[in-house]
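Text of run.txt (compact mmCIF, C-alpha atoms) as supplied:
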```
# COMPACT_ATOMS: atom_id res chain seq x y z
CA MET A 1 -5.76 80.62 140.79
CA LYS A 2 -8.07 82.77 138.72
CA LYS A 3 -7.49 80.54 135.72
CA LEU A 4 -8.87 77.59 137.64
CA ILE A 5 -12.24 79.24 138.05
CA PRO A 6 -13.42 78.81 134.44
CA ILE A 7 -12.27 75.22 134.57
CA LEU A 8 -14.43 74.69 137.62
CA PHE A 9 -17.32 76.27 135.75
CA VAL A 10 -16.74 73.86 132.92
CA VAL A 11 -16.72 70.85 135.22
CA ALA A 12 -19.92 72.04 136.86
CA ALA A 13 -21.59 72.60 133.51
CA VAL A 14 -20.86 69.23 131.97
CA THR A 15 -22.28 67.36 134.93
CA ALA A 16 -25.79 68.32 133.82
CA CYS A 17 -25.47 68.69 130.11
CA GLN A 18 -27.24 65.73 128.57
CA LYS A 19 -29.98 66.81 126.19
CA GLU A 20 -32.95 64.56 126.86
CA PRO A 21 -35.04 63.77 123.78
CA SER A 22 -38.51 65.16 123.39
CA LEU A 23 -40.96 62.69 124.85
CA SER A 24 -43.82 64.44 123.09
CA LYS A 25 -42.78 62.59 119.95
CA LEU A 26 -43.72 59.28 121.55
CA ASP A 27 -47.13 57.98 120.57
CA ASP A 28 -49.98 57.48 123.04
CA ASP A 29 -50.17 53.71 122.81
CA TYR A 30 -49.18 51.60 125.76
CA VAL A 31 -45.88 49.85 126.18
CA VAL A 32 -46.80 46.15 126.07
CA PHE A 33 -44.65 43.43 127.57
CA THR A 34 -45.41 39.71 127.51
CA ASP A 35 -43.65 36.59 128.71
CA TYR A 36 -44.57 32.94 129.04
CA ASP A 37 -43.49 29.52 130.21
CA LYS A 38 -41.85 27.92 127.20
CA SER A 39 -42.55 24.45 128.55
CA ALA A 40 -46.31 25.09 128.61
CA SER A 41 -48.42 23.40 125.95
CA PHE A 42 -51.37 25.72 125.59
CA GLY A 43 -53.10 23.25 123.31
CA ASP A 44 -53.72 21.05 126.34
CA TYR A 45 -55.98 23.64 127.95
CA LEU A 46 -59.56 24.25 126.96
CA THR A 47 -61.38 26.21 129.64
CA TYR A 48 -60.54 29.21 131.77
CA TYR A 49 -62.10 31.24 134.53
CA MET A 50 -61.81 35.01 134.90
CA PRO A 51 -63.05 37.01 137.92
CA ASP A 52 -65.67 39.67 137.16
CA SER A 53 -63.54 42.47 138.57
CA VAL A 54 -60.16 44.12 138.19
CA LEU A 55 -58.05 44.53 141.29
CA LEU A 56 -57.10 48.16 141.81
CA ILE A 57 -53.60 48.49 143.25
CA THR A 58 -53.20 51.94 144.79
CA ASP A 59 -51.56 53.64 147.75
CA SER A 60 -54.38 52.34 149.89
CA GLU A 61 -53.79 49.27 151.99
CA LYS A 62 -57.44 48.30 151.58
CA ALA A 63 -58.27 46.14 148.58
CA THR A 64 -60.50 47.81 146.04
CA TYR A 65 -61.80 46.56 142.73
CA TRP A 66 -63.16 47.84 139.47
CA THR A 67 -66.47 46.24 138.65
CA ASN A 68 -69.26 46.77 136.15
CA ASP A 69 -68.58 49.52 133.61
CA GLU A 70 -65.09 50.28 134.87
CA ALA A 71 -63.95 46.70 134.39
CA ASN A 72 -66.32 45.31 131.80
CA TYR A 73 -64.63 46.58 128.68
CA ILE A 74 -61.26 45.41 129.95
CA LEU A 75 -62.47 41.94 130.86
CA GLU A 76 -64.54 41.68 127.68
CA THR A 77 -61.49 42.45 125.59
CA PHE A 78 -59.54 39.73 127.34
CA ALA A 79 -62.48 37.36 126.88
CA GLU A 80 -62.75 38.14 123.17
CA ASN A 81 -59.08 37.49 122.64
CA MET A 82 -59.17 34.27 124.67
CA ALA A 83 -62.18 33.08 122.67
CA ALA A 84 -60.41 33.88 119.43
CA ARG A 85 -57.57 31.65 120.60
CA GLY A 86 -59.96 28.77 121.30
CA PHE A 87 -60.31 29.02 125.08
CA MET A 88 -63.77 28.70 126.64
CA LEU A 89 -64.84 30.83 129.57
CA VAL A 90 -66.52 28.85 132.37
CA ASP A 91 -68.40 30.00 135.47
CA SER A 92 -66.57 27.87 137.99
CA LYS A 93 -62.95 27.94 139.04
CA GLU A 94 -63.15 24.25 139.81
CA GLU A 95 -64.06 23.46 136.20
CA ALA A 96 -61.37 25.67 134.67
CA ASP A 97 -58.05 24.58 133.24
CA LEU A 98 -56.70 28.12 133.41
CA GLY A 99 -57.31 31.22 135.52
CA LEU A 100 -56.91 34.75 134.20
CA GLN A 101 -56.43 37.52 136.75
CA VAL A 102 -56.25 41.21 135.88
CA SER A 103 -54.95 44.07 138.01
CA TYR A 104 -54.59 47.80 137.52
CA ILE A 105 -51.70 49.66 139.12
CA GLU A 106 -52.72 53.21 139.87
CA ASP A 107 -49.67 54.70 141.57
CA VAL A 108 -46.15 53.68 140.85
CA HIS A 109 -44.59 55.57 143.74
CA TYR A 110 -46.08 53.23 146.29
CA PHE A 111 -43.92 50.42 144.99
CA VAL A 112 -40.63 52.09 144.28
CA ASN A 113 -38.86 50.63 147.28
CA TYR A 114 -40.13 47.11 147.05
CA PRO A 115 -37.04 44.94 146.87
CA SER A 116 -38.68 41.92 145.30
CA PRO A 117 -39.91 41.77 141.71
CA ASN A 118 -42.85 39.79 143.00
CA TRP A 119 -44.00 42.37 145.52
CA TRP A 120 -47.59 42.40 144.22
CA TRP A 121 -48.12 38.93 145.64
CA GLY A 122 -48.26 40.49 149.08
CA TYR A 123 -50.60 43.30 148.15
CA PRO A 124 -53.82 43.29 150.24
CA GLY A 125 -56.52 41.51 148.31
CA TYR A 126 -54.24 40.38 145.54
CA TRP A 127 -55.26 37.15 143.86
CA GLY A 128 -53.77 34.78 146.38
CA PRO A 129 -53.11 31.20 145.33
CA GLY A 130 -55.97 30.21 147.65
CA TYR A 131 -58.39 32.11 145.47
CA TRP A 132 -57.94 29.46 142.84
CA GLY A 133 -58.80 26.65 145.23
CA PRO A 134 -57.45 24.88 148.31
CA TYR A 135 -54.82 23.14 146.27
CA TRP A 136 -52.39 26.05 146.00
CA SER A 137 -50.19 27.48 148.72
CA SER A 138 -47.91 29.87 146.86
CA TRP A 139 -46.92 31.17 143.45
CA TYR A 140 -43.99 30.56 141.23
CA TYR A 141 -42.92 31.71 137.80
CA PRO A 142 -41.30 28.99 135.70
CA TYR A 143 -39.41 31.76 133.83
CA PRO A 144 -37.58 34.96 134.82
CA VAL A 145 -39.75 37.95 135.76
CA VAL A 146 -38.66 41.30 134.37
CA TYR A 147 -41.47 43.65 135.39
CA SER A 148 -40.99 47.32 135.90
CA TYR A 149 -43.67 49.75 136.99
CA SER A 150 -45.04 53.04 135.95
CA VAL A 151 -48.27 54.96 136.10
CA ASN A 152 -51.49 53.63 134.59
CA SER A 153 -50.33 50.05 134.32
CA PHE A 154 -52.21 46.83 133.83
CA LEU A 155 -50.96 43.44 134.88
CA ALA A 156 -52.59 40.19 133.76
CA GLU A 157 -51.52 36.65 134.56
CA LEU A 158 -52.70 33.32 133.24
CA VAL A 159 -52.34 30.53 135.80
CA ASP A 160 -52.50 26.76 135.41
CA LEU A 161 -55.33 25.20 137.47
CA THR A 162 -55.22 21.69 136.06
CA ASP A 163 -53.38 19.91 138.83
CA GLN A 164 -55.93 20.05 141.65
CA THR A 165 -55.11 16.72 143.23
CA THR A 166 -53.18 17.75 146.30
CA THR A 167 -52.85 20.87 148.43
CA SER A 168 -50.03 23.32 149.17
CA LYS A 169 -48.53 23.37 145.72
CA ARG A 170 -47.12 26.32 143.90
CA LEU A 171 -49.43 27.74 141.25
CA PRO A 172 -47.60 28.19 137.95
CA VAL A 173 -48.08 31.43 136.00
CA LEU A 174 -47.98 30.34 132.36
CA TRP A 175 -48.33 33.74 130.69
CA ASP A 176 -48.31 37.31 131.82
CA THR A 177 -48.57 40.73 130.28
CA TYR A 178 -47.66 44.15 131.61
CA MET A 179 -49.13 47.16 129.81
CA ALA A 180 -48.31 50.73 130.75
CA GLY A 181 -49.04 54.16 129.39
CA LEU A 182 -49.84 57.71 130.27
CA GLN A 183 -53.38 58.48 131.30
CA SER A 184 -55.42 60.72 129.04
CA SER A 185 -57.99 63.20 130.33
CA SER A 186 -60.52 61.58 128.01
CA PRO A 187 -62.13 58.34 129.30
CA ARG A 188 -62.92 57.35 125.74
CA VAL A 189 -59.29 57.70 124.70
CA ASN A 190 -58.17 55.76 127.75
CA GLN A 191 -60.58 52.98 126.93
CA THR A 192 -59.39 52.83 123.33
CA LEU A 193 -55.75 52.70 124.41
CA VAL A 194 -56.38 49.93 126.93
CA ILE A 195 -58.28 47.84 124.39
CA ARG A 196 -55.49 48.30 121.85
CA ALA A 197 -52.92 47.31 124.45
CA ILE A 198 -54.76 44.11 125.36
CA ASP A 199 -55.14 43.22 121.69
CA GLN A 200 -51.43 43.86 121.19
CA ALA A 201 -50.57 41.59 124.14
CA PHE A 202 -52.31 38.74 122.35
CA ASN A 203 -50.94 39.69 118.95
CA GLN A 204 -47.39 39.35 120.21
CA SER A 205 -48.25 36.02 121.89
CA PRO A 206 -49.08 33.74 118.95
CA TYR A 207 -48.23 30.66 121.05
CA LEU A 208 -51.20 31.38 123.32
CA THR A 209 -53.74 29.19 121.55
CA ASN A 210 -55.24 25.74 121.71
CA GLN A 211 -56.12 25.65 118.03
CA MET B 1 -32.65 72.74 125.80
CA LYS B 2 -32.99 75.98 127.63
CA THR B 3 -31.02 74.63 130.54
CA ILE B 4 -28.13 73.57 128.37
CA LYS B 5 -28.04 76.84 126.50
CA HIS B 6 -28.11 78.81 129.70
CA ILE B 7 -25.38 76.75 131.26
CA SER B 8 -23.21 76.94 128.17
CA LEU B 9 -23.55 80.68 127.80
CA TRP B 10 -22.80 81.04 131.45
CA VAL B 11 -19.61 79.09 131.08
CA VAL B 12 -18.48 81.19 128.14
CA ALA B 13 -19.27 84.42 129.95
CA ALA B 14 -17.56 83.29 133.14
CA ALA B 15 -14.49 82.15 131.27
CA PHE B 16 -14.23 85.52 129.55
CA MET B 17 -14.70 87.50 132.73
CA VAL B 18 -12.03 85.62 134.61
CA VAL B 19 -9.47 84.89 131.97
CA VAL B 20 -9.62 87.95 129.80
CA PRO B 21 -8.29 90.35 132.45
CA THR B 22 -5.33 88.06 133.03
CA ARG B 23 -4.29 88.02 129.41
CA GLY B 24 -2.67 90.96 127.75
CA ASN B 25 -1.30 91.14 124.27
CA ALA B 26 0.54 88.42 122.45
CA GLN B 27 3.91 89.53 123.63
CA ALA B 28 2.95 89.51 127.29
CA VAL B 29 1.07 86.22 127.45
CA SER B 30 1.42 83.79 124.60
CA LYS B 31 2.07 80.41 126.12
CA THR B 32 -1.42 79.54 127.26
CA TYR B 33 -4.53 79.21 125.22
CA PHE B 34 -8.19 78.28 125.67
CA ASN B 35 -10.91 77.21 123.27
CA VAL B 36 -14.61 77.18 124.09
CA ASP B 37 -16.78 75.76 121.30
CA TRP B 38 -20.23 74.76 120.29
CA GLN B 39 -20.05 71.55 118.29
CA PHE B 40 -22.06 69.66 115.71
CA ASN B 41 -21.64 65.90 115.94
CA ALA B 42 -22.65 62.95 113.76
CA PRO B 43 -22.29 59.39 115.12
CA MET B 44 -20.94 56.94 112.54
CA GLY B 45 -20.79 53.21 112.16
CA ASN B 46 -23.96 52.28 114.02
CA SER B 47 -27.64 53.07 113.71
CA TYR B 48 -28.35 53.84 117.35
CA ALA B 49 -29.20 57.51 117.87
CA ASP B 50 -27.23 58.34 114.76
CA LYS B 51 -29.08 61.54 113.93
CA ALA B 52 -26.59 64.42 113.80
CA SER B 53 -27.16 67.21 116.28
CA GLY B 54 -25.71 70.37 117.75
CA TRP B 55 -26.28 69.44 121.37
CA GLY B 56 -22.73 69.63 122.59
CA MET B 57 -19.77 71.76 123.59
CA ASN B 58 -16.02 71.48 123.80
CA PHE B 59 -13.62 73.07 126.27
CA GLU B 60 -9.87 72.87 126.11
CA GLY B 61 -6.82 74.64 127.33
CA GLY B 62 -3.11 74.22 126.86
CA TYR B 63 0.36 75.51 127.42
CA TYR B 64 2.95 76.00 124.68
CA VAL B 65 6.02 74.11 125.82
CA MET B 66 7.64 75.07 122.51
CA PRO B 67 6.69 77.87 120.12
CA HIS B 68 4.73 75.47 117.93
CA MET B 69 3.87 72.69 120.37
CA ALA B 70 1.39 72.77 123.23
CA ILE B 71 0.11 70.22 125.69
CA GLY B 72 -3.11 70.55 127.56
CA ALA B 73 -6.41 69.08 128.60
CA TYR B 74 -9.89 68.93 127.17
CA ILE B 75 -13.43 67.96 128.01
CA ALA B 76 -16.41 67.80 125.67
CA TYR B 77 -19.92 66.49 125.72
CA HIS B 78 -22.55 65.69 123.17
CA THR B 79 -26.02 64.17 122.88
CA ASN B 80 -27.55 62.57 119.80
CA ASN B 81 -31.19 61.49 119.76
CA LYS B 82 -33.34 59.54 117.33
CA TYR B 83 -37.01 58.54 117.31
CA ILE B 84 -37.80 54.86 116.68
CA ASP B 85 -41.25 53.87 115.47
CA ARG B 86 -43.40 51.43 117.39
CA GLN B 87 -42.19 47.86 116.95
CA THR B 88 -42.16 44.54 118.75
CA LEU B 89 -38.79 43.50 120.15
CA ALA B 90 -37.98 39.92 121.10
CA LEU B 91 -36.23 40.47 124.43
CA SER B 92 -35.64 36.76 124.91
CA SER B 93 -36.89 33.49 123.48
CA SER B 94 -40.11 33.89 125.51
CA SER B 95 -40.59 37.61 126.17
CA ALA B 96 -41.58 40.43 123.83
CA LEU B 97 -41.95 44.17 124.15
CA THR B 98 -43.96 46.48 121.90
CA THR B 99 -43.28 50.20 122.10
CA ASP B 100 -41.96 53.23 120.28
CA GLN B 101 -38.79 54.80 121.62
CA GLN B 102 -36.57 57.81 121.74
CA HIS B 103 -32.99 56.64 121.52
CA SER B 104 -30.35 58.83 123.10
CA LEU B 105 -26.58 58.60 123.10
CA PHE B 106 -24.65 60.88 125.44
CA GLN B 107 -20.86 61.07 125.26
CA LEU B 108 -18.42 62.91 127.47
CA PRO B 109 -14.78 62.48 126.44
CA PHE B 110 -12.00 64.13 128.42
CA GLY B 111 -8.26 63.80 128.77
CA LEU B 112 -4.97 65.21 127.55
CA LEU B 113 -4.00 66.73 124.23
CA ALA B 114 -0.98 67.59 122.13
CA LYS B 115 -1.32 70.51 119.73
CA TYR B 116 0.89 71.65 116.90
CA ARG B 117 0.33 75.07 115.36
CA PHE B 118 1.83 75.87 111.99
CA THR B 119 2.37 79.56 112.68
CA THR B 120 3.02 81.49 115.85
CA SER B 121 1.92 84.94 114.82
CA GLY B 122 -0.43 86.61 112.46
CA MET B 123 -4.12 86.67 111.99
CA PHE B 124 -4.57 83.01 111.05
CA GLU B 125 -3.21 80.20 113.16
CA PRO B 126 -3.90 76.75 111.66
CA TYR B 127 -3.16 73.75 113.83
CA MET B 128 -3.65 70.05 114.36
CA THR B 129 -4.34 68.31 117.64
CA VAL B 130 -4.46 64.78 118.95
CA LYS B 131 -6.57 64.15 122.03
CA MET B 132 -6.57 61.02 124.16
CA GLY B 133 -8.36 60.10 127.34
CA ALA B 134 -11.49 58.53 128.75
CA ASN B 135 -15.01 58.57 127.43
CA TYR B 136 -18.10 58.33 129.61
CA SER B 137 -21.20 57.40 127.65
CA ARG B 138 -24.86 56.80 128.46
CA MET B 139 -26.94 54.77 126.01
CA SER B 140 -30.63 55.37 126.69
CA SER B 141 -34.01 54.30 125.44
CA TYR B 142 -36.97 56.44 126.50
CA MET B 143 -40.38 54.77 126.49
CA GLN B 144 -43.44 56.57 127.76
CA ALA B 145 -42.72 57.39 131.40
CA TRP B 146 -39.35 55.80 131.91
CA GLU B 147 -35.83 55.42 130.63
CA LEU B 148 -33.69 52.33 130.21
CA TYR B 149 -29.99 53.15 130.09
CA ARG B 150 -26.50 51.77 130.32
CA ASP B 151 -23.49 53.78 131.49
CA THR B 152 -20.08 52.78 130.23
CA TRP B 153 -16.49 53.99 130.21
CA GLY B 154 -14.02 53.62 127.40
CA PHE B 155 -10.74 54.85 125.97
CA ALA B 156 -11.05 57.77 123.56
CA VAL B 157 -8.80 59.16 120.83
CA SER B 158 -9.57 62.16 118.67
CA PRO B 159 -7.58 63.84 115.90
CA GLU B 160 -8.59 67.40 115.10
CA ILE B 161 -7.62 70.05 112.60
CA GLY B 162 -8.62 73.66 112.87
CA ILE B 163 -7.77 77.29 112.74
CA SER B 164 -7.83 80.16 115.18
CA ILE B 165 -8.53 83.54 113.65
CA PHE B 166 -7.30 86.58 115.54
CA PRO B 167 -8.66 89.78 113.94
CA SER B 168 -6.09 91.76 115.86
CA PRO B 169 -3.01 89.56 116.20
CA ASN B 170 -1.64 91.63 119.06
CA TYR B 171 -4.59 90.60 121.15
CA ARG B 172 -5.19 86.89 121.25
CA TYR B 173 -8.97 86.88 121.25
CA GLY B 174 -10.50 85.33 118.20
CA LEU B 175 -12.70 82.87 116.40
CA HIS B 176 -12.07 79.15 116.50
CA LEU B 177 -13.07 76.65 113.78
CA ALA B 178 -12.27 72.93 113.85
CA MET B 179 -13.15 69.55 112.39
CA TYR B 180 -12.69 66.39 114.40
CA TYR B 181 -13.04 62.66 114.42
CA ASN B 182 -13.55 60.85 117.70
CA TYR B 183 -13.42 57.15 118.50
CA ALA B 184 -14.08 55.57 121.87
CA THR B 185 -14.07 51.93 122.93
CA ASN B 186 -17.32 51.99 124.93
CA LYS B 187 -19.47 48.91 124.46
CA SER B 188 -23.07 48.75 125.67
CA LYS B 189 -26.45 47.13 125.14
CA VAL B 190 -29.98 48.34 125.85
CA LEU B 191 -32.96 46.11 125.07
CA THR B 192 -31.99 44.44 121.79
CA TYR B 193 -29.67 47.25 120.66
CA GLU B 194 -25.94 46.90 121.00
CA ILE B 195 -23.11 49.32 120.23
CA ASP B 196 -19.48 48.23 120.10
CA GLY B 197 -17.38 51.39 120.01
CA ARG B 198 -18.32 55.00 119.34
CA SER B 199 -17.27 56.80 116.15
CA ASN B 200 -18.09 60.43 115.59
CA LEU B 201 -17.38 63.09 113.01
CA GLY B 202 -18.09 66.74 113.63
CA PHE B 203 -17.08 70.34 113.58
CA ARG B 204 -16.66 73.07 116.19
CA VAL B 205 -17.24 76.78 116.17
CA GLY B 206 -16.20 78.87 119.12
CA ILE B 207 -13.84 81.33 120.62
CA SER B 208 -10.11 81.15 121.12
CA PHE B 209 -8.10 83.19 123.58
```
For this file, write the structure as structure tokens.
Amino acid sequence: MKKLIPILFVVAAVTACQKEPSLSKLDDDYVVFTDYDKSASFGDYLTYYMPDSVLLITDSEKATYWTNDEANYILETFAENMAARGFMLVDSKEEADLGLQVSYIEDVHYFVNYPSPNWWWGYPGYWGPGYWGPYWSSWYYPYPVVYSYSVNSFLAELVDLTDQTTTSKRLPVLWDTYMAGLQSSSPRVNQTLVIRAIDQAFNQSPYLTNQ
Amino acid sequence: MKTIKHISLWVVAAAFMVVVPTRGNAQAVSKTYFNVDWQFNAPMGNSYADKASGWGMNFEGGYYVMPHMAIGAYIAYHTNNKYIDRQTLALSSSSALTTDQQHSLFQLPFGLLAKYRFTTSGMFEPYMTVKMGANYSRMSSYMQAWELYRDTWGFAVSPEIGISIFPSPNYRYGLHLAMYYNYATNKSKVLTYEIDGRSNLGFRVGISF
């Protein structure tokens, strides 16, 4: 019986013996994921509309937004990249071929138990299809969605607004990007990382152009 | 790192405390043996987490059914890690992911063994062993705040040669040195990385009693 005891120690030891790698070696840049509808012809679109705020997704059930300085550099970076790809920003949703919506996810733990990958559609204040006009009743992705969530994450989606002839249609999301990274204590560093992440999202999406 | 070291030292100490009092000299108890080893392991044949490391241990015990031949059981574990620079991966024909990564490959083979020792007395006891059993493996990619991983099971086989050195042959407490090769049939894929089989080459340093 005594000889079994060290064996039991061994079994207990190996259950928790994996050596996790040092995460301090990882760089500070964001993880950037992009996906798009392969059937979309981005050359057919010319104009787009982008709200002047970033939806802040937090533990709170009340919708809050980043505006002005908090959101400007983010939205300006998107606008610069969209302009570089030949898309023209317009002031009216009704005139736009595309809509670009940007959200910031502040707390991952709030969403851990959501069973659906599209849980953010139900978030209070999230860009409902109705925001883009009375023509849209719900969303759909023409391609598989593979989001995962972490702290300090940005989510941006490019929707197709061209078919505004009837109501209660599903609004197609043609392109999306998910960017995530650890938050720095320096606002300047955070800003730099976010700008680099947005630029990277466009860099790895060469198809997103009408030129 | 500290956790693993503490656990491993604890196991060695516990094994000594319990087993040592039950074992007398070679004449009284000679049919059972135990090895507890630290090991250095280098994955071979694939580029995933193939950086050699010393993050592993080996535990085995056996019973000599004949003077030269023993059968027994073993369990070992090892982790190999490797940093991957930032790059853009095409996850599918439409999706892409840009990140740097820490790749990690954890292996835990265990099963039965057959051991043949070339001498039965004296200070040096060279031997060869063949081990066969199962291999649990976790293939992981760490990115920023999360880990993507795949757990798999496979069949494992491992030939080993080594020597036990007993400074005082009448008392079977000594040093253990070994070299091994290990192959397992685990097959897994994480992101765009795929491994079909696990080959390893390494050595062990430990105690034998």
Quick one: residues within 9 Å of Ser153 in chain A, all atoms listed in the file, excluding same-chain residues fewer than 5 positions away - as an mmCIF file with C-alpha atoms, in the coordinates of the input?
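Output below, filename result25.cif:
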```cif
data_model
loop_
_atom_site.group_PDB
_atom_site.id
_atom_site.type_symbol
_atom_site.label_atom_id
_atom_site.label_comp_id
_atom_site.auth_asym_id
_atom_site.auth_seq_id
_atom_site.Cartn_x
_atom_site.Cartn_y
_atom_site.Cartn_z
ATOM 1 C CA TYR A 30 -49.180 51.600 125.760
ATOM 2 C CA SER A 103 -54.950 44.070 138.010
ATOM 3 C CA TYR A 104 -54.590 47.800 137.520
ATOM 4 C CA ILE A 105 -51.700 49.660 139.120
ATOM 5 C CA GLU A 106 -52.720 53.210 139.870
ATOM 6 C CA ASP A 107 -49.670 54.700 141.570
ATOM 7 C CA VAL A 108 -46.150 53.680 140.850
ATOM 8 C CA TYR A 178 -47.660 44.150 131.610
ATOM 9 C CA MET A 179 -49.130 47.160 129.810
ATOM 10 C CA ALA A 180 -48.310 50.730 130.750
ATOM 11 C CA GLY A 181 -49.040 54.160 129.390
ATOM 12 C CA LEU A 182 -49.840 57.710 130.270
#
```
Enclosing box along x, y and z for every listed atom of range 88-98 of chain B, padded 3 Å each side, centre and size in Å, one decimal, as lines of an AutoDock Vina configuration file:
```
center_x = -39.8
center_y = 40.0
center_z = 122.5
size_x = 14.3
size_y = 19.0
size_z = 13.4
```
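Put simply, CA of Thr99 in chain B is 27.5 Å away from CA of Ser199 in chain B.
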Quiz prompt | Who sits within 12 Å of Leu108 in chain B, only C-alpha atoms, same chain under 5 positions skipped, as a PyMOL selection string | solution = (chain A and resi 11+13-18) or (chain B and resi 55-59+74-80+133-139+151-156+182-184+186+198)
Exercise. Find, counting all atoms listed in the file, the residue in A:Leu55, A:Ser24, A:Tyr36, A:Thr64 that gets nearest to chain B.
Key: A:Tyr36
Exercise. Would you be able to write out as a list of chain:residue names which residues have an atom within 6 Å of (-55.6, 25.9, 137.4) in the file's coordinates, counting all atoms listed in the file?
Key: A:Asp97, A:Leu98, A:Gly99, A:Val159, A:Asp160, A:Leu161, A:Thr162
For the residues in the current selection, export C-alpha atoms as a CSV table (one decimal), in the frame of the given file.
```
chain,number,residue,atom,x,y,z
A,97,ASP,CA,-58.0,24.6,133.2
A,98,LEU,CA,-56.7,28.1,133.4
A,99,GLY,CA,-57.3,31.2,135.5
A,159,VAL,CA,-52.3,30.5,135.8
A,160,ASP,CA,-52.5,26.8,135.4
A,161,LEU,CA,-55.3,25.2,137.5
A,162,THR,CA,-55.2,21.7,136.1
```
Quiz item: CA of Asp37 in chain A to CA of Leu97 in chain B: how many Å, to one decimal?
Solution: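 Between CA of Asp37 in chain A and CA of Leu97 in chain B the gap works out to 15.9 Å.
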Quiz item: Could you state the separation of CA of Asn72 in chain A and CA of Asp52 in chain A in Å, given to one decimal place?
Solution: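 Going from CA of Asn72 in chain A over to CA of Asp52 in chain A covers 7.8 Å.
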Quiz item: Which residues come within 8 Å of range 119-122 of chain B, counting all atoms listed in the file, excluding same-chain residues fewer than 6 positions away, as an NGL selection string?
Solution: :B and (67-68 or 166 or 169)
Quiz item: Neighbours of Thr165 in chain A within 12 Å (all atoms listed in the file; same-chain residues fewer than 5 positions away dropped), as a VMD selection string?
Solution: chain A and resid 94 133 to 136
Exercise. Determine the nearest neighbour of Ser205 in chain A from the options A:Pro129, A:Phe154, A:Val102, A:Val32, counting all atoms listed in the file.
Key: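 So, comparing all the options, the nearest one is A:Val32.
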Quiz item: Closest to chain A among B:Tyr64, B:Phe110, B:Phe118, B:Trp146, using all atoms listed in the file?
Solution: B:Trp146
Practice problem: Write out as a ChimeraX atom specification which residues come within 6 Å of range 83-95 of chain B when counting all atoms listed in the file, dropping same-chain ones fewer than 4 positions away. | Solution: /A:34-36 /B:99-102
